[in-house]
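Just below is one structure, and these are the notes that go with it.
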Amino acid sequence: MAPYEALYSRSPLTILSYLPGSTSVHDVDLNLQARDHTLKLLKTQLLEAQTRMKKYADSHRTERSFQINDWVYLRLQPYRQTTIASTSFSKLSRFYGPFRVLEKIGSVAYRVELPATSYIHHVFHVSQLKRKLGMTVNVVVVLPDIIGYDKWEPSAILQRRMYKKGHHAGTQWLVHRKNHPEDEATWEDADEFIARFPDFKT
């Protein structure tokens, strides 16, 4: 929303274009013409800036979509997913699979069929998936060893922040985990955290 609407809780007034010569006061006529010129200049520059930003964003965007029962490779990033045990070359992301797509969640996420022994959450953003080409399905690469995802325990809530959660506002907590350094704290959705640790005193 516009800053005016945020401050006054109502939409800003519409500024009508000035028709030159509609006032007999010369200074008023000049001021209104200058105002219209400034508004046109601002709108033009905003449109140009939006066009540049869209062009830059589109150059880094790839459209991906999958169907139910498609086979996809899953990209895991050990340096970001702390539930993955340390391995050599842990700074590199790597594709695993292929795995079968079970369900589409919203417009940009998919649930995939992972091994029963995996502790990784089975819903992934489309950017983490890559379509498997060809008809032959031979799963030869298994997921890396996992430190039990469900076994960590919270120690303290360090910070709180708001974020956009779908069409609503959500709350995230920076959670310090027991037996982990404080700089490895992770942001967790507050509602999911409470459901997972109902006895934890915040």
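Order determines the names: the first chain of the structure tokens is A, the second B, and so forth; residues in each chain are numbered 1 upward, and ligands are numbered 1 upward as they are shown.
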All residues 9 Å or closer to Leu102 (chain A), only C-alpha atoms, same chain fewer than 2 positions away omitted, as a PyMOL selection string: chain A and resi 67-70+100+104+110-113
- request: Extract, using only C-alpha atoms, all DNA, RNA and protein residues at most 9 Å from region 160-170 of chain A, discarding same-chain residues fewer than 2 positions from it, and format them as an MDAnalysis selection string.
  value: chainID A and resid 157:158 172:174 187 189:191
Kindly export the residues of the current selection with all heavy atoms, as a CSV table (one decimal), in the first residue's frame.
chain,number,residue,atom,x,y,z
A,157,ILE,N,15.0,-18.8,22.5
A,157,ILE,CA,14.6,-18.0,21.4
A,157,ILE,C,15.4,-16.7,21.4
A,157,ILE,O,15.4,-15.9,22.4
A,157,ILE,CB,13.1,-17.6,21.5
A,157,ILE,CG1,12.3,-18.9,21.6
A,157,ILE,CG2,12.7,-16.8,20.3
A,157,ILE,CD1,12.4,-19.8,20.4
A,158,LEU,N,16.2,-16.5,20.4
A,158,LEU,CA,17.1,-15.3,20.4
A,158,LEU,C,16.5,-14.1,19.8
A,158,LEU,O,16.8,-13.0,20.3
A,158,LEU,CB,18.4,-15.7,19.6
A,158,LEU,CG,19.2,-16.9,20.0
A,158,LEU,CD1,20.4,-17.2,19.1
A,158,LEU,CD2,19.6,-16.8,21.5
A,172,GLN,N,8.4,-15.6,12.8
A,172,GLN,CA,9.5,-16.5,12.8
A,172,GLN,C,10.4,-16.2,14.1
A,172,GLN,O,10.5,-15.0,14.5
A,172,GLN,CB,10.4,-16.3,11.6
A,172,GLN,CG,9.8,-16.9,10.3
A,172,GLN,CD,10.8,-16.8,9.2
A,172,GLN,OE1,11.6,-15.9,9.0
A,172,GLN,NE2,10.8,-17.8,8.3
A,173,TRP,N,10.9,-17.3,14.6
A,173,TRP,CA,11.8,-17.2,15.8
A,173,TRP,C,13.2,-17.7,15.4
A,173,TRP,O,13.3,-18.7,14.8
A,173,TRP,CB,11.2,-18.0,17.0
A,173,TRP,CG,10.0,-17.4,17.5
A,173,TRP,CD1,9.5,-16.2,17.4
A,173,TRP,CD2,9.0,-18.2,18.3
A,173,TRP,NE1,8.3,-16.1,18.1
A,173,TRP,CE2,8.0,-17.2,18.7
A,173,TRP,CE3,9.0,-19.5,18.9
A,173,TRP,CZ2,6.9,-17.6,19.4
A,173,TRP,CZ3,7.9,-19.8,19.6
A,173,TRP,CH2,6.9,-18.9,19.9
A,174,LEU,N,14.2,-17.0,15.9
A,174,LEU,CA,15.6,-17.4,15.7
A,174,LEU,C,15.9,-18.4,16.9
A,174,LEU,O,16.0,-17.9,18.0
A,174,LEU,CB,16.5,-16.3,15.7
A,174,LEU,CG,18.0,-16.6,15.4
A,174,LEU,CD1,18.2,-17.2,14.0
A,174,LEU,CD2,18.9,-15.4,15.5
A,187,TRP,N,16.2,-19.8,11.7
A,187,TRP,CA,14.8,-19.2,11.8
A,187,TRP,C,13.8,-20.3,11.6
A,187,TRP,O,13.8,-21.0,10.6
A,187,TRP,CB,14.7,-18.1,10.7
A,187,TRP,CG,15.5,-16.9,11.0
A,187,TRP,CD1,16.7,-16.5,10.5
A,187,TRP,CD2,15.1,-15.8,11.9
A,187,TRP,NE1,17.1,-15.3,11.0
A,187,TRP,CE2,16.1,-14.8,11.9
A,187,TRP,CE3,14.0,-15.6,12.8
A,187,TRP,CZ2,16.1,-13.7,12.7
A,187,TRP,CZ3,14.0,-14.5,13.5
A,187,TRP,CH2,15.0,-13.5,13.5
A,189,ASP,N,9.5,-21.1,11.7
A,189,ASP,CA,8.1,-20.6,11.8
A,189,ASP,C,7.5,-20.8,13.2
A,189,ASP,O,7.6,-21.9,13.8
A,189,ASP,CB,7.2,-21.3,10.8
A,189,ASP,CG,5.8,-20.8,10.8
A,189,ASP,OD1,5.5,-19.8,10.2
A,189,ASP,OD2,5.0,-21.4,11.5
A,190,ALA,N,7.0,-19.8,13.8
A,190,ALA,CA,6.6,-19.9,15.2
A,190,ALA,C,5.4,-20.9,15.4
A,190,ALA,O,5.4,-21.6,16.4
A,190,ALA,CB,6.1,-18.5,15.7
A,191,ASP,N,4.5,-20.9,14.5
A,191,ASP,CA,3.3,-21.8,14.6
A,191,ASP,C,3.8,-23.3,14.5
A,191,ASP,O,3.4,-24.1,15.3
A,191,ASP,CB,2.3,-21.6,13.6
A,191,ASP,CG,1.6,-20.2,13.7
A,191,ASP,OD1,1.6,-19.7,14.9
A,191,ASP,OD2,1.2,-19.6,12.7
Test item, strand (DSSP E or B) assignment across chain A, answer as number ranges by chain: A: 71-76, 84, 94-105, 109-112, 123-125, 129-131, 141, 146, 154-165, 168-177, 186-189
- prompt: Got a sec: who's within 12 Å of Arg64 (chain A), counting only C-alpha atoms, leaving out chain neighbours fewer than 4 positions off, as a list in words?
  reply: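 Surrounding residues, per the criterion: Val72, Ser107, Val108, Ala109, Tyr110, His125, Val126, Ser127, Gln128, Leu129, Lys130 and Arg131 of chain A.
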- request: Determine which residues of chain A DSSP labels as helix (DSSP H, G or I) from the backbone of this structure, then write them out as a ChimeraX atom specification.
  value: /A:3-8,26-59,126-128,149-151,182-184,190-196
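Residue nearest Leu32 (chain A), chosen from A:Gly106, A:Leu47, A:Glu182, A:Leu16 and counting only C-alpha atoms: A:Leu16.
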CA of Pro181 (chain A) to CA of Ser155 (chain A), straight-line distance in Å: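 Calculated distance between CA of Ser155 (chain A) and CA of Pro181 (chain A) is 10.9 Å.
Counting from CA of Ile120 (chain A), the distance to CA of Pro154 (chain A) is 18.2 Å.
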